[in-house]
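So the structure is just underneath, and the comments pick up after that.
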Amino acid sequence: MTRLVPQYRRLPATAIAFLSGNLLATANGSTVDIYDVRLKTLVGSCNVFDSVRIHGIVARLDNADSRCIEVLVFGSKQWTVIRIHLDNARVEPGTVFYVDDWIKAGHWVQDDKQAWQVALALAHNQVLVMDSTHGNCIYNVQCAERCILYAAALYGDTLQTLVVAAGTVFNKVLVWDAWTKDTEAQVRVQLSGHEGVVFGVRFGKNGRRIMSTSDDRSVRVWNLDEKIAETVFYGHGARVWSCVEVDGDRLVSAAEDGTCRVWRNGETEDVWRLCPKNVWAVAAHRDGRMVAAACGDGAVCVWTVGGRQRIERMDELDTIALPGPEQALNWPDRDIDPGSDSKEREFIRGFALTWDSALVVTNHGHILRHSTLNNSWGVVAAKYGALSGYAMVAAESKAGNVAAIGMRDGTV
């Protein structure tokens, strides 16, 4: 996994989208950052709004082979179209336009003259189709169900096929057609089952499935033809914000508990703990299994799903025992055999992993380090009395050269 962190800004990363090739766009406050995921570096940046947090980034990838692509960016009641040059990641800011309601989703759609326009889903279950160049409203559609939305998604390449999935505060997902100009649109499908507010909605790649996430900590996959939830996933420890479809048979969800979960065949395939709290958004590369997540600590994490083996049985785990006296350790005053059955038997009080080793604190006050590179034990400190009764251990996992140990007397 690659973890990308802005050097000067540590606001939460709130939106994310893959562009063309190796380029990835993320939102950090009111700024769009462009990363090259192959080089693992920031290659471009642009402040888009004035003191407004960005909540959505939508790239128009039909012209991905050209030297420049257009990207829709929105947040609060503002939206704009920026241009990103693919050869040097230079960002051209666009004119900022305003609407009268909170924007919950944005989408690129072609009008009757094959020109690309911007469709916006608003918080009161309304869709505006806007001129992408001048920002004027071409037409608007109000759903007959005038409820408050916490999430929305749009699907369809043309105005005649534009469909809305609206996630409501009443625990439902409403599906309606947005191609009836300047009139009220009726709800075509109502999907019920969530036991909490719907925080995230997204269409599957073929438009026949909808993924929704909720305050009830579930991820639900809805079949629009059958109008039922064909799969319900539970596993997150807090509210689930977002979900994306990956390579046809996997889903990746992002949640308040700081994790992304990979779901496959009705169960959890993998879990990635990315930050202490809130993975706000997740995106999938359209050409493969690469996934990127926008984290609450400002970092952006990129990895490939299906790249880790899942442990199914206990005998698939590697077991490492504390070293016995027969092992050649330069260990002063070590007079207890950890393999004995005495009341003084040595056991682990604290444990932490780094990228190449494990740091262990025992009940006898010893601090040991086990190298995973050569399967050997070493002594960091011996007979440190304050550690004998209680210890909490944390290590910096990337470099592995810094560790902290908390003791029962309150010292670290």
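Scheme for the structure tokens: letters A, B, ... for chains in order shown; per-chain residue numbers from 1; ligand numbers from 1 in order shown.
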
Next item on the list: Identify, on the basis of only C-alpha atoms, every residue whose closest approach to range 8-18 of chain A does not exceed 8 Å; exclude the query and any residue fewer than 5 positions from it along the same chain; express the result as a list in words.
Entry: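 Result of the neighbour search: Leu23, Leu24, Ala25, Thr26, Ala27, Asn28, Gly29, Arg53, Ile54, His55, Gly56, Ile57, Val58, Ala59, Trp280, Ala281, Val282, Ala283, Ala284, His285, Ala292, Ala293, Ala294, Cys295, Gly296, Asp297, Gly298, Ala299 and Val300 of chain A.
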
Do a neighbour search on range 161-166 of chain A at 6 Å with only C-alpha atoms, toss out local chain neighbours closer than 5 positions, and write the hits as a PDB file with N, CA and C atoms, in the first residue's frame.
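The result, stored in result38.pdb:
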```pdb
ATOM      1  N   ALA A 152     -26.537  11.197  -3.017  1.00  0.00           N
ATOM      2  CA  ALA A 152     -27.188  11.005  -4.311  1.00  0.00           C
ATOM      3  C   ALA A 152     -26.170  10.496  -5.310  1.00  0.00           C
ATOM      4  N   ALA A 153     -26.664   9.901  -6.378  1.00  0.00           N
ATOM      5  CA  ALA A 153     -25.818   9.452  -7.483  1.00  0.00           C
ATOM      6  C   ALA A 153     -26.595   9.622  -8.775  1.00  0.00           C
ATOM      7  N   LEU A 154     -25.871   9.870  -9.860  1.00  0.00           N
ATOM      8  CA  LEU A 154     -26.471  10.049 -11.180  1.00  0.00           C
ATOM      9  C   LEU A 154     -25.868   9.036 -12.148  1.00  0.00           C
ATOM     10  N   TYR A 155     -26.704   8.571 -13.087  1.00  0.00           N
ATOM     11  CA  TYR A 155     -26.251   7.574 -14.059  1.00  0.00           C
ATOM     12  C   TYR A 155     -26.870   7.889 -15.415  1.00  0.00           C
ATOM     13  N   GLY A 156     -26.077   7.675 -16.480  1.00  0.00           N
ATOM     14  CA  GLY A 156     -26.542   7.905 -17.849  1.00  0.00           C
ATOM     15  C   GLY A 156     -25.664   8.896 -18.570  1.00  0.00           C
ATOM     16  N   VAL A 173     -33.714   4.589  -0.362  1.00  0.00           N
ATOM     17  CA  VAL A 173     -33.098   5.018  -1.608  1.00  0.00           C
ATOM     18  C   VAL A 173     -34.208   5.136  -2.651  1.00  0.00           C
ATOM     19  N   LEU A 174     -34.355   6.331  -3.214  1.00  0.00           N
ATOM     20  CA  LEU A 174     -35.386   6.590  -4.215  1.00  0.00           C
ATOM     21  C   LEU A 174     -34.731   6.693  -5.593  1.00  0.00           C
ATOM     22  N   VAL A 175     -35.281   5.980  -6.563  1.00  0.00           N
ATOM     23  CA  VAL A 175     -34.762   6.002  -7.929  1.00  0.00           C
ATOM     24  C   VAL A 175     -35.811   6.657  -8.824  1.00  0.00           C
ATOM     25  N   TRP A 176     -35.389   7.690  -9.563  1.00  0.00           N
ATOM     26  CA  TRP A 176     -36.315   8.387 -10.449  1.00  0.00           C
ATOM     27  C   TRP A 176     -35.601   8.907 -11.686  1.00  0.00           C
ATOM     28  N   ASP A 177     -36.365   9.149 -12.745  1.00  0.00           N
ATOM     29  CA  ASP A 177     -35.816   9.607 -14.025  1.00  0.00           C
ATOM     30  C   ASP A 177     -35.771  11.126 -14.060  1.00  0.00           C
ATOM     31  N   ALA A 178     -34.618  11.644 -14.494  1.00  0.00           N
ATOM     32  CA  ALA A 178     -34.414  13.099 -14.495  1.00  0.00           C
ATOM     33  C   ALA A 178     -34.480  13.698 -15.891  1.00  0.00           C
ATOM     34  N   TRP A 179     -35.109  13.022 -16.823  1.00  0.00           N
ATOM     35  CA  TRP A 179     -35.144  13.531 -18.195  1.00  0.00           C
ATOM     36  C   TRP A 179     -36.463  14.245 -18.527  1.00  0.00           C
TER      37      TRP A 179
END
```

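Nearest to Tyr35 in chain A of all the residues A:Glu267, A:Val302, A:Val187, A:Trp108 is A:Val302, counting only C-alpha atoms.
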
Item checked: Point-to-point distance in Å for CA of Glu145 in chain A and CA of Asn223 in chain A ->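 That distance, rounded to one decimal, is 21.4 Å.
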
Next item on the list: Quick one: everything within 10 Å of Arg90 in chain A, counting only C-alpha atoms, minus sequence neighbours fewer than 4 positions away in the same chain. Send it as a VMD selection string.
Entry: chain A and resid 34 43 to 46 68 83 to 86

Filtering to C-alpha atoms, could you give me those residues as a PDB file, in the first residue's frame?
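File result37.pdb, as written:
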```pdb
ATOM      1  CA  ILE A  34      -2.812  15.817  -8.256  1.00  0.00           C
ATOM      2  CA  VAL A  43       2.764  16.680  -9.165  1.00  0.00           C
ATOM      3  CA  GLY A  44       0.143  19.445  -9.224  1.00  0.00           C
ATOM      4  CA  SER A  45      -2.129  21.514  -6.997  1.00  0.00           C
ATOM      5  CA  CYS A  46      -4.732  24.249  -7.313  1.00  0.00           C
ATOM      6  CA  CYS A  68      -6.019  17.823 -21.314  1.00  0.00           C
ATOM      7  CA  ARG A  83      -8.738  21.622 -16.771  1.00  0.00           C
ATOM      8  CA  ILE A  84      -5.788  19.349 -16.033  1.00  0.00           C
ATOM      9  CA  HIS A  85      -2.913  19.014 -18.499  1.00  0.00           C
ATOM     10  CA  LEU A  86      -1.740  15.428 -18.570  1.00  0.00           C
TER      11      LEU A  86
END
```

Check: Counting only C-alpha atoms, what is within 8 Å of Glu269 in chain A, bar same-chain residues fewer than 5 positions away, as a list in words?
Finding: Arg261, Val262, Trp263, Arg264, Gly306 and Arg310 of chain A

Margin query: Just checking: using only C-alpha atoms, which residue out of A:Asp87, A:Glu184, A:Asp216, A:Asp249 ends up closest to Gly204 in chain A?
Written below: A:Asp249

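The interatomic distance for the pair CA of Ile138 in chain A and CA of Lys104 in chain A works out to 18.8 Å.
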
Next item on the list: as JSON, numbers by chain, list the residues of range 6-212 of chain A assigned to strand (DSSP E) by DSSP on the backbone atoms of this structure.
Entry: {"A": [13, 14, 15, 16, 17, 18, 23, 24, 25, 26, 27, 28, 31, 32, 33, 34, 35, 36, 41, 42, 43, 44, 45, 46, 47, 56, 57, 58, 59, 68, 69, 70, 71, 72, 73, 74, 75, 78, 79, 80, 81, 82, 83, 84, 85, 91, 92, 97, 98, 103, 104, 105, 106, 107, 108, 109, 110, 116, 117, 118, 119, 120, 121, 122, 126, 127, 128, 129, 130, 137, 138, 139, 140, 141, 142, 143, 149, 150, 151, 152, 153, 154, 155, 163, 164, 165, 166, 167, 168, 172, 173, 174, 175, 176, 177, 184, 185, 187, 188, 189, 190, 191, 192, 198, 199, 200, 201, 202, 203, 209, 210, 211, 212]}
